[in-house]
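Beneath this line is the structure, given in structure tokens, with notes to follow.
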Protein chains: 2
Amino acid sequence: MLEHSMSEKELRRLTKSFGALHSVLRLRILAALAAGESNVRDLETTLRVSQPLLSWHLTQLRQTGFVVAERVGREVHYRLNPEAFRELADNIEILVGISLSDEGGRSGGKSKS
Amino acid sequence: MLEHSMSEKELRRLTKSFGALHSVLRLRILAALAAGESNVRDLETTLRVSQPLLSWHLTQLRQTGFVVAERVGREVHYRLNPEAFRELADNIEILVGISLSDEGGRSGGKSKS
DNA sequence: GTAACATATAAACTTTTATTTATGGATTAC
DNA sequence: GTAATCCATAAATAAAAGTTTATATGTTAC
């Protein structure tokens, strides 16, 4: 197990996922959401970026499933979607045929010069 | 554990890693390497891309650590670096504060409509 | 040494993505 | 209803990344 090989469609989707994470600002957004922030205004203040820019990046993250949005009154609350990150990890494992968990001797293995 | 929060430098590095994977061709390269291919000419034939293009993408993958190159005669053999993918997964876990392994009730949890 | 092969690099060009500025849509307060 | 708030979208511009074509570097064969 671990080796299914991926279809073109799956490859494209995976590529897009990586693209969504290819941005320092977007990673900051994710970190802020992980830290408990939720609505756009708070993020705007915390991250010091313009509202449209933030909105655009949130849209990218939403379209790739890493965050989900929910309207609450006139605010929109964003939160992480952990499942998307797990799927990403799964797909990496399938793509390169390796296990991402620490088995196999990491951190302190034998070093032969 | 799991929540270290990342420095700016680490964020930038992580961003670059995602960028290196933001390409269908590069994912195909990784898949081909996972399937056992190694030298550039074989990849060129398998993937049907020009040699300079392939070389450029391999350079990107090398610079981000996902593959390593080794000169063998006049060929250069590339191979995956599994450690880089594990580090990537670790960093995702740190960034968003979640576990990427299947604990926590995935695939078939309770669904309350 | 020269020729041939395998890969890398550089320069010019094309395409994609990010950022700004301006405007629109949805919701609540009045 | 109007005004105010919160967020999204559109258009224009700027920046980054990918692709091609041409050339250079390093290695083996002779």
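Naming works like this for the structure tokens: A, B, ... for the chains as they're shown, residue 1 at the start of each chain, ligands 1 onward in shown order.
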
What residues in chain B lie within 7 Å of chain A, counting only C-alpha atoms, written as a PyMOL selection string? chain B and resi 11-12+15-16+18-19+21-24+30-31+34+82+85-86+89+95-98+100

For the selection you just gave me, I'd like the residues written to a file as a compact mmCIF listing (two decimals), in the first residue's frame, keeping C-alpha atoms.
```txt
# COMPACT_ATOMS: atom_id res chain seq x y z
CA LEU B 11 7.74 30.92 7.04
CA ARG B 12 9.63 32.11 4.02
CA THR B 15 6.57 29.16 1.36
CA LYS B 16 9.41 28.42 -1.00
CA PHE B 18 5.30 24.93 -1.43
CA GLY B 19 6.31 26.98 -4.43
CA LEU B 21 5.72 21.87 -5.59
CA HIS B 22 3.41 24.25 -7.37
CA SER B 23 3.82 22.73 -10.80
CA VAL B 24 2.25 19.74 -12.48
CA LEU B 30 8.76 13.49 -8.41
CA ALA B 31 6.44 10.67 -9.36
CA ALA B 34 9.54 7.66 -7.04
CA PRO B 82 12.18 11.60 1.70
CA PHE B 85 8.84 15.65 2.59
CA ARG B 86 8.71 14.66 6.22
CA ALA B 89 4.71 17.65 6.85
CA LEU B 95 2.00 26.01 11.28
CA VAL B 96 -1.62 25.06 11.64
CA GLY B 97 -1.34 23.23 14.94
CA ILE B 98 -2.94 20.01 13.84
CA LEU B 100 -1.60 15.04 10.09
```

Chain D residues within 10 Å of chain A, counting only C-alpha atoms (C1' of nucleotides): which ones, as an mmCIF file with N, CA and C atoms (P, O5', C5', C4', C3', O3' and C1' of nucleotides), in the first residue's frame?
```cif
data_model
loop_
_atom_site.group_PDB
_atom_site.id
_atom_site.type_symbol
_atom_site.label_atom_id
_atom_site.label_comp_id
_atom_site.auth_asym_id
_atom_site.auth_seq_id
_atom_site.Cartn_x
_atom_site.Cartn_y
_atom_site.Cartn_z
ATOM 1 P P DT D 5 -19.467 52.996 10.515
ATOM 2 O "O5'" DT D 5 -19.532 51.417 10.257
ATOM 3 C "C5'" DT D 5 -20.319 50.611 11.123
ATOM 4 C "C4'" DT D 5 -20.291 49.178 10.638
ATOM 5 C "C3'" DT D 5 -18.888 48.651 10.319
ATOM 6 O "O3'" DT D 5 -18.704 47.422 10.985
ATOM 7 C "C1'" DT D 5 -20.353 48.238 8.528
ATOM 8 P P DC D 6 -17.277 46.735 11.061
ATOM 9 O "O5'" DC D 6 -17.424 45.609 9.932
ATOM 10 C "C5'" DC D 6 -18.406 44.577 10.105
ATOM 11 C "C4'" DC D 6 -18.403 43.703 8.887
ATOM 12 C "C3'" DC D 6 -17.005 43.260 8.438
ATOM 13 O "O3'" DC D 6 -16.967 41.840 8.347
ATOM 14 C "C1'" DC D 6 -18.236 44.139 6.615
ATOM 15 P P DC D 7 -15.575 41.083 8.187
ATOM 16 O "O5'" DC D 7 -15.632 40.790 6.625
ATOM 17 C "C5'" DC D 7 -16.687 39.964 6.132
ATOM 18 C "C4'" DC D 7 -16.847 40.156 4.649
ATOM 19 C "C3'" DC D 7 -15.660 39.706 3.798
ATOM 20 O "O3'" DC D 7 -15.984 38.426 3.246
ATOM 21 C "C1'" DC D 7 -16.715 41.708 2.981
ATOM 22 P P DA D 8 -15.029 37.762 2.141
ATOM 23 O "O5'" DA D 8 -15.600 38.356 0.770
ATOM 24 C "C5'" DA D 8 -16.970 38.169 0.470
ATOM 25 C "C4'" DA D 8 -17.273 38.666 -0.939
ATOM 26 C "C3'" DA D 8 -16.368 38.101 -2.028
ATOM 27 O "O3'" DA D 8 -17.191 37.719 -3.116
ATOM 28 C "C1'" DA D 8 -16.306 40.474 -2.074
ATOM 29 P P DT D 9 -16.580 36.953 -4.371
ATOM 30 O "O5'" DT D 9 -16.389 38.124 -5.448
ATOM 31 C "C5'" DT D 9 -17.535 38.887 -5.821
ATOM 32 C "C4'" DT D 9 -17.120 40.007 -6.753
ATOM 33 C "C3'" DT D 9 -16.220 39.590 -7.916
ATOM 34 O "O3'" DT D 9 -16.845 40.040 -9.094
ATOM 35 C "C1'" DT D 9 -15.356 41.498 -6.848
#
```

Would you kindly return, as a PyMOL selection string, each protein, DNA or RNA residue with an atom no farther than 12 Å from any atom of DA22 in chain C, considering only C-alpha atoms (C1' of nucleotides) and excluding same-chain residues fewer than 2 positions away? (chain A and resi 52) or (chain C and resi 20+24) or (chain D and resi 9-12)

Determine, using only C-alpha atoms (C1' of nucleotides), which residues of chain C have any atom at most 9 Å from an atom of chain A, and tabulate each with its shortest atom pair and distance in Å to one decimal place, rows ordered by chain and then rising number, as CSV.
```
residue,atom,partner,partner_atom,distance
C:DA18,C1',A:Leu53,CA,8.7
C:DT19,C1',A:Leu53,CA,7.1
C:DT20,C1',A:Leu53,CA,8.5
C:DA26,C1',A:Arg74,CA,7.5
C:DT27,C1',A:Arg74,CA,4.9
C:DT28,C1',A:Arg74,CA,7.1
```
